[in-house]
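Peer 1: Would you mind keeping the following structure in view while I ask a few things?
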Number of protein chains: 2
Amino acid sequence: MRIATDHPRQWLLRSQGVTAPEGFRAAGISAGIKASGKPDLALVFNEGPDYAAAGVFTRNQVTAAPVRWSKQVLTTGRLRAVILNSGGANACTGPGGFQDTHATAEAVAAALSAWGTETGAIEVAVCSTGLIGDRLPMDKLLAGAGEIVHEMAGGLHGGEDAARAIMTTDTVPKQVALHHEVAPDSNWTVGAMAKGAGMMAPALATMLVVLTTDAVADAAALDTALRRAAALTFDRLDIDGATSTNDTVLLLASGASGIAPSQDDLDAAVFAICDDLCAQLQADAEGVTKRVSITVAGARSADDALTAARIIGRDSLVKTALFGSDPNWGRVLAAVGMSPFPLEADRISVSFNGSPVCIDGAGAPGARDVDLSGADIAVLVDLGLGEETATVRTTDLSHAYVEENSAYSS
Amino acid sequence: MRIATDHPRQWLLRSQGVTAPEGFRAAGISAGIKASGKPDLALVFNEGPDYAAAGVFTRNQVTAAPVRWSKQVLTTGRLRAVILNSGGANACTGPGGFQDTHATAEAVAAALSAWGTETGAIEVAVCSTGLIGDRLPMDKLLAGAGEIVHEMAGGLHGGEDAARAIMTTDTVPKQVALHHEVAPDSNWTVGAMAKGAGMMAPALATMLVVLTTDAVADAAALDTALRRAAALTFDRLDIDGATSTNDTVLLLASGASGIAPSQDDLDAAVFAICDDLCAQLQADAEGVTKRVSITVAGARSADDALTAARIIGRDSLVKTALFGSDPNWGRVLAAVGMSPFPLEADRISVSFNGSPVCIDGAGAPGARDVDLSGADIAVLVDLGLGEETATVRTTDLSHAYVEENSAYSS
């Protein structure tokens with residue numbers, strides 16, 4: 001085993017995903033769960049030699065059966081495989097829905113064992129995404145679980161197939177890999193795939209994310225890295241304030257590189273991957289026409305800054321104004337005014353894309369003429385109370401968002 | 001002075017407003033504040049013999065100049081007049097904006113004094129509504145303040161003119177009066193007008209409301225009645241979660257009927273007026289296509305029930321589904337699951353317009369086929385935890401809402 005250097009050479013590639021690290025295979029197939037016949041079943045398989053794993057889950061109190069199952073199996077700190085389906089969330093499906101999740105894990109374990117890798121159901125996490133409230137078509141899912149094991153590919157193809165099979169209203173598959181060269185011919189890598197286009201909120205999203213790494217790291221190190229990264233990335237992506245019943249982010253380590261990065265290096269790599277996935281999720285959010293960052297500065301505490309940024313990022317009147325490219329800064333003031341901590345209205349200043357629109361609580365010259373016609377809008381609100389800052393990512397509220405979410409059950 | 005009986009004969013009329021009670025005059029004129037030339041300045045004048053008054057205001061920490069002014073003058077518990085303008089909120093306008101409000105009150109007081117009723121600026125409340133962030137055209141406003149005093153009419157005509165002059169994106173004027181006959185030829189009355197079509201939230205709305213009564217009641221009695229009524233009505237009307245910088249609800253009593261109702265009777269009358277105005281505000285909310293009531297029952301406390309009902313009523317995914325007449329009950333479960341108090345997901349039941357769609361956390365037979373095509377949708381969520389209940393009124397999230405709030409600065 002080599003110890004990673006402090007300053008490895010790194011490169012980030014969006015053309016690669018969960019099979020970029022050594023020791024992982026993946027597949028995506030059409031199992032017939034979606035009526036459209038599109039790919040709907042994905043498998044990520046860890047070939048070892050290590051099987052350490054960690055996960056973070058939705059904070060919603062109404063949790064889907066697969067979330068309850070995966071939380072339970074992760075108490076061991078160990079996973080061999082993750083099976084993911086689109087076409088149904090298996091949420092609000094009663095005890096029968098939980099039995100379906102259990103049966104799915106059993107079927108994957110049996111198929112992997114028959115394929116030559118002795119696996120127990122307790123080593124298989126399950127993720128589901130789609131409409132809440134319906135039971136899954138278990139005949140198709142179980143048949144698919146038997147079939148997908150034979151489709152697993154170790155190359156990049158398998159990772160991309162898996163990323164496509166978890167899409168719902170996503171328009172593009174989302175994956176990324178970060179390679180670290182610590183010496184010639186000595187690399188360690190973190191790869192990942194994600195789905196999620198609506199229902200995103202601070203407590204993640206209808207966000208299914210699987211990260212893989214060939215680094216040597218135990219479950220505690222993975223858990224630390226994943227929680228630190230999620231708090232700064234997925235937890236600060238808020239598309240519409242809604243929080244899914246199914247949000248799951250998993251990190252699996254095969255140890256196949258033989259390299260044990262420091263906790264700092266692992267933290268940095270997992271953060272970089274999660275941050276890039278967040279940008280991809282934001283850019284492909286339901287109905288998005290603007291990518292918006294809301295930064296609140298000058299707060300007394302980082303918590304205050306984050307709270308205020310979330311309030312602005314969720315405000316329907318701010319979001320519709322941004323959809324209309326309208327520099328209506330008064331709505332930002334009205335939104336931040338509902339912060340639950342004390343403010344001084346005449347100290348608040350606001351800029352849009354660097355142009356001041358409000359200074360000390362009143363309009364700046366030319367504020368109504370700021371050009372917001374581009375796709376990226378940076379809102380900066382300085383509360384004038386302290387030194388702390390936080391940023392959330394959100395989107396505008398568009399006709400397309402209303403259309404996607406009203407025209408059919410999703 | 002007569003004491004009101006316990007069971008007076010009552011009748012509610014939407015054809016009458018602030019001039020229905022004895023002792024009030026009102027007017028509405030076009031002062032040129034709105035570029036469109038539509039009516040934009042209203043005056044409500046109390047002829048006495050009493051001048052008791054009370055008010056409730058926005059909870060937003062960013063308050064418009066007229067809110068700060070009116071709060072200050074109301075500390076006396078006494079008002080002679082209310083001047084209201086549409087065409088500009090006079091919010092986020094700095095010290096100059098506050099001076100503008102003060103000058104407006106001075107101009108109204110001077111005009112009323114010249115007209116024959118000695119009045120001080122401290123007896124004049126000011127309300128403004130419109131775009132945040134711009135100074136008002138004071139030349140037009142001050143000229144209008146001088147002119148409007150001469151337009152005051154005591155009949156019903158003056159009240160309706162005033163109700164029209166405070167409209168912004170409202171499509172209809174909103175007024176109502178409740179008459180009480182306590183003996184033949186012995187009546188007391190509460191009348192009111194309201195504006196507000198967007199930006200409504202628990203802490204009121206861009207909601208300007210003036211209630212008048214000819215009952216004999218002191219400022220403390222009015223304050224009690226108004227706070228009780230507002231907590232159950234305007235505070236539970238939530239169109240888009242946003243809260244205005246300008247929300248103001250005022251209640252003025254002339255005592256001209258000579259009748260002093262009991263506190264209970266006054267409370268009941270003010271509640272009835274506020275409740276009816278809420279229904280009118282909901283029905284004319286920006287972009288509304290569905291009038292939605294969200295009732296949460298079976299909560300451990302009334303506060304829990306109200307909190308959960310607000311969370312559901314603000315959820316963009318619930319509101320877009322209702323716009324689409326889609327009985328997508330899973331989104332209701334996902335929303336209520338974010339309640340900040342402990343839930344048991346498998347005890348939650350939901351019905352739409354009386355049809356069960358979710359029983360004990362799982363789908364009810366026929367849930368996907370419930371017809372929500374009508375304009376009124378009642379959502380009932382039973383948490384199965386206790387006996388307490390609360391209801392909020394909201395609307396759907398429609399294309400028209402996005403259009404109204406993105407197409408121009410408002």
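Residue numbers start at 1 in each chain; chains themselves are named A, B, ... in the order of the structure tokens; ligands are numbered from 1 in the order shown.
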Using only C-alpha atoms, which protein or nucleic acid residues come within 12 Å of Tyr51 of chain B? Drop anything in the same chain fewer than 3 positions from it, and give the result as an MDAnalysis selection string.
Peer 2: chainID B and resid 23:24 45:48 54 74 76:82 119 123:124 212:219 222 251:256
Peer 1: Using only C-alpha atoms, find the residues of chain A whose closest atom to chain B is at most 6 Å away, then write them as a PyMOL selection string.
Peer 2: chain A and resi 60-62+92-94+132-133+245+320-321+324+330+334+337-338+345+361-363+399+402+405-407
Peer 1: Just all heavy atoms for this one: save the residues we selected as a short mmCIF file (atom, residue, chain, number, x, y, z; two decimals), in the first residue's frame.
Peer 2:
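Saved as out_21.cif:
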```cif
data_model
loop_
_atom_site.label_atom_id
_atom_site.label_comp_id
_atom_site.auth_asym_id
_atom_site.auth_seq_id
_atom_site.Cartn_x
_atom_site.Cartn_y
_atom_site.Cartn_z
N ASN A 60 -36.74 13.57 5.19
CA ASN A 60 -38.19 13.47 5.22
C ASN A 60 -38.61 12.36 6.18
O ASN A 60 -37.99 11.31 6.22
CB ASN A 60 -38.73 13.18 3.81
CG ASN A 60 -40.18 13.57 3.64
OD1 ASN A 60 -41.03 13.17 4.41
ND2 ASN A 60 -40.45 14.36 2.62
N GLN A 61 -39.67 12.62 6.97
CA GLN A 61 -40.15 11.59 7.89
C GLN A 61 -40.97 10.52 7.19
O GLN A 61 -41.21 9.45 7.75
CB GLN A 61 -40.99 12.21 9.00
CG GLN A 61 -40.20 13.09 9.92
CD GLN A 61 -41.04 13.51 11.12
OE1 GLN A 61 -41.34 12.72 11.99
NE2 GLN A 61 -41.44 14.78 11.13
N VAL A 62 -41.44 10.85 5.98
CA VAL A 62 -42.11 9.83 5.16
C VAL A 62 -41.03 9.25 4.25
O VAL A 62 -40.63 9.88 3.27
CB VAL A 62 -43.27 10.43 4.35
CG1 VAL A 62 -43.89 9.39 3.45
CG2 VAL A 62 -44.32 11.03 5.29
N CYS A 92 -44.74 5.02 0.33
CA CYS A 92 -46.15 4.98 0.73
C CYS A 92 -46.82 3.75 0.14
O CYS A 92 -47.90 3.83 -0.46
CB CYS A 92 -46.89 6.25 0.30
SG CYS A 92 -46.14 7.75 0.95
N THR A 93 -46.16 2.62 0.30
CA THR A 93 -46.65 1.36 -0.26
C THR A 93 -46.89 0.32 0.83
O THR A 93 -47.12 -0.86 0.52
CB THR A 93 -45.65 0.81 -1.28
OG1 THR A 93 -44.33 0.92 -0.72
CG2 THR A 93 -45.70 1.58 -2.59
N GLY A 94 -46.81 0.75 2.10
CA GLY A 94 -47.15 -0.14 3.20
C GLY A 94 -46.15 -1.27 3.40
O GLY A 94 -45.08 -1.30 2.79
N ILE A 132 -44.71 8.27 -6.37
CA ILE A 132 -44.98 7.80 -5.02
C ILE A 132 -46.34 7.11 -4.99
O ILE A 132 -47.29 7.59 -5.60
CB ILE A 132 -45.00 8.99 -4.03
CG1 ILE A 132 -43.63 9.64 -3.93
CG2 ILE A 132 -45.49 8.57 -2.65
CD1 ILE A 132 -43.63 10.95 -3.14
N GLY A 133 -46.42 6.01 -4.27
CA GLY A 133 -47.74 5.46 -3.93
C GLY A 133 -48.13 4.18 -4.63
O GLY A 133 -49.14 3.58 -4.27
N THR A 245 -39.04 11.60 -0.67
CA THR A 245 -39.11 10.45 0.24
C THR A 245 -38.00 9.45 -0.01
O THR A 245 -37.85 8.50 0.75
CB THR A 245 -40.45 9.73 0.03
OG1 THR A 245 -40.60 9.46 -1.37
CG2 THR A 245 -41.61 10.59 0.49
N THR A 320 -39.89 33.79 -9.97
CA THR A 320 -40.60 34.15 -11.19
C THR A 320 -39.99 35.41 -11.80
O THR A 320 -39.91 35.53 -13.02
CB THR A 320 -42.11 34.36 -10.94
OG1 THR A 320 -42.30 35.17 -9.78
CG2 THR A 320 -42.82 33.03 -10.73
N ALA A 321 -39.55 36.36 -10.96
CA ALA A 321 -38.89 37.56 -11.50
C ALA A 321 -37.63 37.17 -12.27
O ALA A 321 -37.38 37.68 -13.37
CB ALA A 321 -38.55 38.53 -10.37
N GLY A 324 -38.30 35.89 -15.59
CA GLY A 324 -38.57 37.00 -16.50
C GLY A 324 -37.39 37.93 -16.72
O GLY A 324 -37.54 38.99 -17.31
N GLY A 330 -36.64 44.42 -5.08
CA GLY A 330 -37.53 44.59 -3.93
C GLY A 330 -38.05 43.25 -3.41
O GLY A 330 -38.27 43.08 -2.21
N ALA A 334 -37.97 41.77 0.34
CA ALA A 334 -39.17 41.26 1.01
C ALA A 334 -38.93 39.82 1.48
O ALA A 334 -39.37 39.44 2.57
CB ALA A 334 -40.37 41.32 0.07
N GLY A 337 -36.46 39.67 4.42
CA GLY A 337 -37.10 40.27 5.59
C GLY A 337 -37.85 39.27 6.46
O GLY A 337 -38.18 39.56 7.61
N MET A 338 -38.11 38.08 5.92
CA MET A 338 -38.78 37.04 6.70
C MET A 338 -37.78 36.13 7.42
O MET A 338 -38.17 35.10 7.99
CB MET A 338 -39.71 36.22 5.80
CG MET A 338 -40.91 37.00 5.31
SD MET A 338 -41.87 37.78 6.65
CE MET A 338 -42.58 36.31 7.43
N ALA A 345 -32.89 46.57 8.24
CA ALA A 345 -33.25 46.70 6.83
C ALA A 345 -32.38 47.75 6.12
O ALA A 345 -32.05 47.58 4.95
CB ALA A 345 -34.73 47.06 6.71
N GLY A 361 -30.45 49.34 1.89
CA GLY A 361 -31.90 49.21 1.97
C GLY A 361 -32.69 50.04 0.99
O GLY A 361 -33.93 50.03 1.03
N ALA A 362 -32.02 50.75 0.08
CA ALA A 362 -32.74 51.55 -0.91
C ALA A 362 -32.13 51.33 -2.30
O ALA A 362 -31.00 50.86 -2.43
CB ALA A 362 -32.69 53.03 -0.54
N GLY A 363 -32.89 51.64 -3.32
CA GLY A 363 -32.48 51.35 -4.69
C GLY A 363 -31.21 52.06 -5.12
O GLY A 363 -30.97 53.20 -4.75
N HIS A 399 -42.55 28.58 -16.69
CA HIS A 399 -43.70 27.88 -17.24
C HIS A 399 -43.40 26.39 -17.38
O HIS A 399 -44.25 25.54 -17.13
CB HIS A 399 -44.07 28.45 -18.60
CG HIS A 399 -44.80 29.76 -18.50
ND1 HIS A 399 -45.97 29.90 -17.78
CD2 HIS A 399 -44.52 30.97 -19.00
CE1 HIS A 399 -46.38 31.15 -17.86
NE2 HIS A 399 -45.51 31.82 -18.59
N VAL A 402 -43.97 24.50 -14.18
CA VAL A 402 -45.40 24.27 -13.93
C VAL A 402 -45.91 23.19 -14.87
O VAL A 402 -46.64 22.28 -14.45
CB VAL A 402 -46.19 25.58 -14.12
CG1 VAL A 402 -47.69 25.32 -14.04
CG2 VAL A 402 -45.78 26.61 -13.07
N ASN A 405 -44.80 19.64 -13.92
CA ASN A 405 -45.31 19.14 -12.66
C ASN A 405 -46.82 19.16 -12.54
O ASN A 405 -47.37 18.76 -11.53
CB ASN A 405 -44.67 19.90 -11.50
CG ASN A 405 -43.24 19.47 -11.30
OD1 ASN A 405 -42.99 18.30 -11.00
ND2 ASN A 405 -42.29 20.37 -11.54
N SER A 406 -47.49 19.62 -13.59
CA SER A 406 -48.95 19.62 -13.55
C SER A 406 -49.53 18.71 -14.62
O SER A 406 -50.66 18.26 -14.51
CB SER A 406 -49.49 21.03 -13.76
OG SER A 406 -49.14 21.53 -15.04
N ALA A 407 -48.75 18.42 -15.64
CA ALA A 407 -49.31 17.75 -16.81
C ALA A 407 -49.44 16.25 -16.64
O ALA A 407 -50.15 15.59 -17.36
CB ALA A 407 -48.48 18.06 -18.05
#
```
Peer 1: I need the residues in segment 121-351 of chain B that are strand (DSSP E) according to DSSP; give them as a ChimeraX atom specification.
Peer 2: /B:124-128,174-183,186-195,208-213,248-253,259-260,291-299,349-351
Peer 1: Write to file, as a PDB file, in the first residue's frame, the residues of the selection just made, with C-alpha atoms.
Peer 2:
```pdb
ATOM      1  CA  VAL B 124     -53.921  60.005   9.727  1.00  0.00           C
ATOM      2  CA  ALA B 125     -52.741  56.459   8.873  1.00  0.00           C
ATOM      3  CA  VAL B 126     -51.042  55.889   5.523  1.00  0.00           C
ATOM      4  CA  CYS B 127     -51.060  52.729   3.404  1.00  0.00           C
ATOM      5  CA  SER B 128     -49.222  52.146   0.116  1.00  0.00           C
ATOM      6  CA  LYS B 174     -63.394  43.678  -2.599  1.00  0.00           C
ATOM      7  CA  GLN B 175     -65.797  44.963   0.039  1.00  0.00           C
ATOM      8  CA  VAL B 176     -68.323  43.607   2.463  1.00  0.00           C
ATOM      9  CA  ALA B 177     -70.603  44.825   5.254  1.00  0.00           C
ATOM     10  CA  LEU B 178     -72.327  43.029   8.118  1.00  0.00           C
ATOM     11  CA  HIS B 179     -75.440  44.649   9.556  1.00  0.00           C
ATOM     12  CA  HIS B 180     -76.860  43.855  12.992  1.00  0.00           C
ATOM     13  CA  GLU B 181     -80.431  44.817  13.887  1.00  0.00           C
ATOM     14  CA  VAL B 182     -80.679  44.784  17.655  1.00  0.00           C
ATOM     15  CA  ALA B 183     -84.170  46.356  17.738  1.00  0.00           C
ATOM     16  CA  SER B 186     -81.564  50.186  15.864  1.00  0.00           C
ATOM     17  CA  ASN B 187     -78.563  48.867  13.927  1.00  0.00           C
ATOM     18  CA  TRP B 188     -74.834  48.584  14.185  1.00  0.00           C
ATOM     19  CA  THR B 189     -72.645  47.681  11.255  1.00  0.00           C
ATOM     20  CA  VAL B 190     -69.117  46.645  10.337  1.00  0.00           C
ATOM     21  CA  GLY B 191     -67.927  47.423   6.817  1.00  0.00           C
ATOM     22  CA  ALA B 192     -64.623  46.824   5.062  1.00  0.00           C
ATOM     23  CA  MET B 193     -62.611  46.994   1.891  1.00  0.00           C
ATOM     24  CA  ALA B 194     -59.527  45.001   0.900  1.00  0.00           C
ATOM     25  CA  LYS B 195     -56.945  44.710  -1.825  1.00  0.00           C
ATOM     26  CA  LEU B 208     -54.428  46.434   2.648  1.00  0.00           C
ATOM     27  CA  VAL B 209     -57.655  46.190   4.593  1.00  0.00           C
ATOM     28  CA  VAL B 210     -59.694  48.923   6.238  1.00  0.00           C
ATOM     29  CA  LEU B 211     -62.601  47.951   8.460  1.00  0.00           C
ATOM     30  CA  THR B 212     -65.047  50.501   9.812  1.00  0.00           C
ATOM     31  CA  THR B 213     -67.795  50.224  12.386  1.00  0.00           C
ATOM     32  CA  THR B 248     -51.794  46.542   6.981  1.00  0.00           C
ATOM     33  CA  VAL B 249     -55.226  45.880   8.453  1.00  0.00           C
ATOM     34  CA  LEU B 250     -56.937  48.794  10.225  1.00  0.00           C
ATOM     35  CA  LEU B 251     -60.205  48.952  12.173  1.00  0.00           C
ATOM     36  CA  LEU B 252     -61.839  52.324  12.899  1.00  0.00           C
ATOM     37  CA  ALA B 253     -64.888  52.887  15.097  1.00  0.00           C
ATOM     38  CA  ILE B 259     -74.736  50.837  20.347  1.00  0.00           C
ATOM     39  CA  ALA B 260     -72.012  49.093  22.362  1.00  0.00           C
ATOM     40  CA  ARG B 291     -59.470  27.520  -4.516  1.00  0.00           C
ATOM     41  CA  VAL B 292     -57.782  25.077  -2.173  1.00  0.00           C
ATOM     42  CA  SER B 293     -58.373  24.433   1.515  1.00  0.00           C
ATOM     43  CA  ILE B 294     -55.822  22.335   3.379  1.00  0.00           C
ATOM     44  CA  THR B 295     -57.083  20.864   6.653  1.00  0.00           C
ATOM     45  CA  VAL B 296     -54.769  18.925   8.925  1.00  0.00           C
ATOM     46  CA  ALA B 297     -56.615  16.885  11.559  1.00  0.00           C
ATOM     47  CA  GLY B 298     -55.490  14.346  14.127  1.00  0.00           C
ATOM     48  CA  ALA B 299     -52.583  16.479  15.343  1.00  0.00           C
ATOM     49  CA  SER B 349     -54.599   9.305   5.798  1.00  0.00           C
ATOM     50  CA  VAL B 350     -55.553  11.766   3.068  1.00  0.00           C
ATOM     51  CA  SER B 351     -58.759  12.588   1.240  1.00  0.00           C
TER      52      SER B 351
END
```
Peer 1: Suppose you want the space between atom CA of Ala35 of chain A and atom CA of Ala162 of chain A; what is it in Å?
Peer 2: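 Separating atom CA of Ala35 of chain A from atom CA of Ala162 of chain A is a distance of 18.5 Å.
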Peer 1: Using backbone DSSP assignments, extract all alpha helix (DSSP H) residues from segment 1-214 of chain A; output them as a PyMOL selection string.
Peer 2: chain A and resi 65-73+94-115+138-148+156-165
Peer 1: So what do you get for atom CA of Asp284 of chain A versus atom CA of Ala165 of chain A, distance-wise?
Peer 2: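 Straight-line distance from atom CA of Asp284 of chain A to atom CA of Ala165 of chain A works out to 16.3 Å.
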Peer 1: Which polymer residues have any atom within 7 Å of an atom of Ile33 of chain A, counting only C-alpha atoms, with same-chain residues fewer than 6 positions away left out, as a PDB file with N, CA and C atoms, in the first residue's frame?
Peer 2:
```pdb
ATOM      1  N   ASP A  40     -34.484   1.121 -17.034  1.00  0.00           N
ATOM      2  CA  ASP A  40     -35.110   1.397 -15.745  1.00  0.00           C
ATOM      3  C   ASP A  40     -34.506   0.606 -14.584  1.00  0.00           C
ATOM      4  N   GLY A  87     -38.937   4.392 -12.529  1.00  0.00           N
ATOM      5  CA  GLY A  87     -40.270   3.896 -12.879  1.00  0.00           C
ATOM      6  C   GLY A  87     -41.175   3.651 -11.688  1.00  0.00           C
ATOM      7  N   PRO A 137     -43.851  -3.380 -10.167  1.00  0.00           N
ATOM      8  CA  PRO A 137     -44.178  -4.641 -10.862  1.00  0.00           C
ATOM      9  C   PRO A 137     -43.095  -5.673 -10.548  1.00  0.00           C
ATOM     10  N   LYS A 140     -41.426  -8.189 -13.089  1.00  0.00           N
ATOM     11  CA  LYS A 140     -40.427  -7.595 -13.993  1.00  0.00           C
ATOM     12  C   LYS A 140     -39.145  -7.252 -13.253  1.00  0.00           C
ATOM     13  N   LEU A 141     -39.288  -6.730 -12.040  1.00  0.00           N
ATOM     14  CA  LEU A 141     -38.111  -6.326 -11.274  1.00  0.00           C
ATOM     15  C   LEU A 141     -37.253  -7.539 -10.910  1.00  0.00           C
TER      16      LEU A 141
END
```
Peer 1: So how far away is atom CA of Glu22 of chain B from atom CA of Pro173 of chain B, in Å?
Peer 2: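 About the pair atom CA of Pro173 of chain B and atom CA of Glu22 of chain B: they are 21.3 Å apart.
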Peer 1: Just want the 8 Å neighbourhood of Leu226 of chain A, counted on only C-alpha atoms, with same-chain residues fewer than 5 positions away dropped. Output as a PDB file with N, CA and C atoms, in the first residue's frame.
Peer 2:
```pdb
ATOM      1  N   ALA A  54     -20.676   3.897   2.969  1.00  0.00           N
ATOM      2  CA  ALA A  54     -21.365   4.865   3.827  1.00  0.00           C
ATOM      3  C   ALA A  54     -22.521   5.452   3.030  1.00  0.00           C
ATOM      4  N   GLY A  55     -23.469   6.073   3.729  1.00  0.00           N
ATOM      5  CA  GLY A  55     -24.617   6.651   3.033  1.00  0.00           C
ATOM      6  C   GLY A  55     -25.230   7.807   3.792  1.00  0.00           C
ATOM      7  N   VAL A  56     -25.858   8.729   3.055  1.00  0.00           N
ATOM      8  CA  VAL A  56     -26.713   9.745   3.680  1.00  0.00           C
ATOM      9  C   VAL A  56     -28.070   9.666   2.992  1.00  0.00           C
ATOM     10  N   LEU A 251     -21.692   5.828  -0.924  1.00  0.00           N
ATOM     11  CA  LEU A 251     -20.269   5.841  -1.299  1.00  0.00           C
ATOM     12  C   LEU A 251     -19.679   4.472  -0.981  1.00  0.00           C
ATOM     13  N   ASP A 267     -11.671  13.691   1.737  1.00  0.00           N
ATOM     14  CA  ASP A 267     -12.720  14.724   1.869  1.00  0.00           C
ATOM     15  C   ASP A 267     -12.757  15.625   0.633  1.00  0.00           C
ATOM     16  N   VAL A 270     -14.143  13.714  -2.503  1.00  0.00           N
ATOM     17  CA  VAL A 270     -15.584  13.458  -2.426  1.00  0.00           C
ATOM     18  C   VAL A 270     -16.346  14.778  -2.558  1.00  0.00           C
ATOM     19  N   PHE A 271     -15.814  15.845  -1.961  1.00  0.00           N
ATOM     20  CA  PHE A 271     -16.444  17.162  -2.126  1.00  0.00           C
ATOM     21  C   PHE A 271     -16.457  17.580  -3.594  1.00  0.00           C
TER      22      PHE A 271
END
```
Peer 1: So that I can check the surroundings of Gly146 of chain A, please list as a PyMOL selection string every protein, DNA and RNA residue that reaches within 12 Å of it, counting only C-alpha atoms and ignoring chain neighbours fewer than 4 positions away.
Peer 2: chain A and resi 29+31+41-43+83+104-115+139-142+150-152
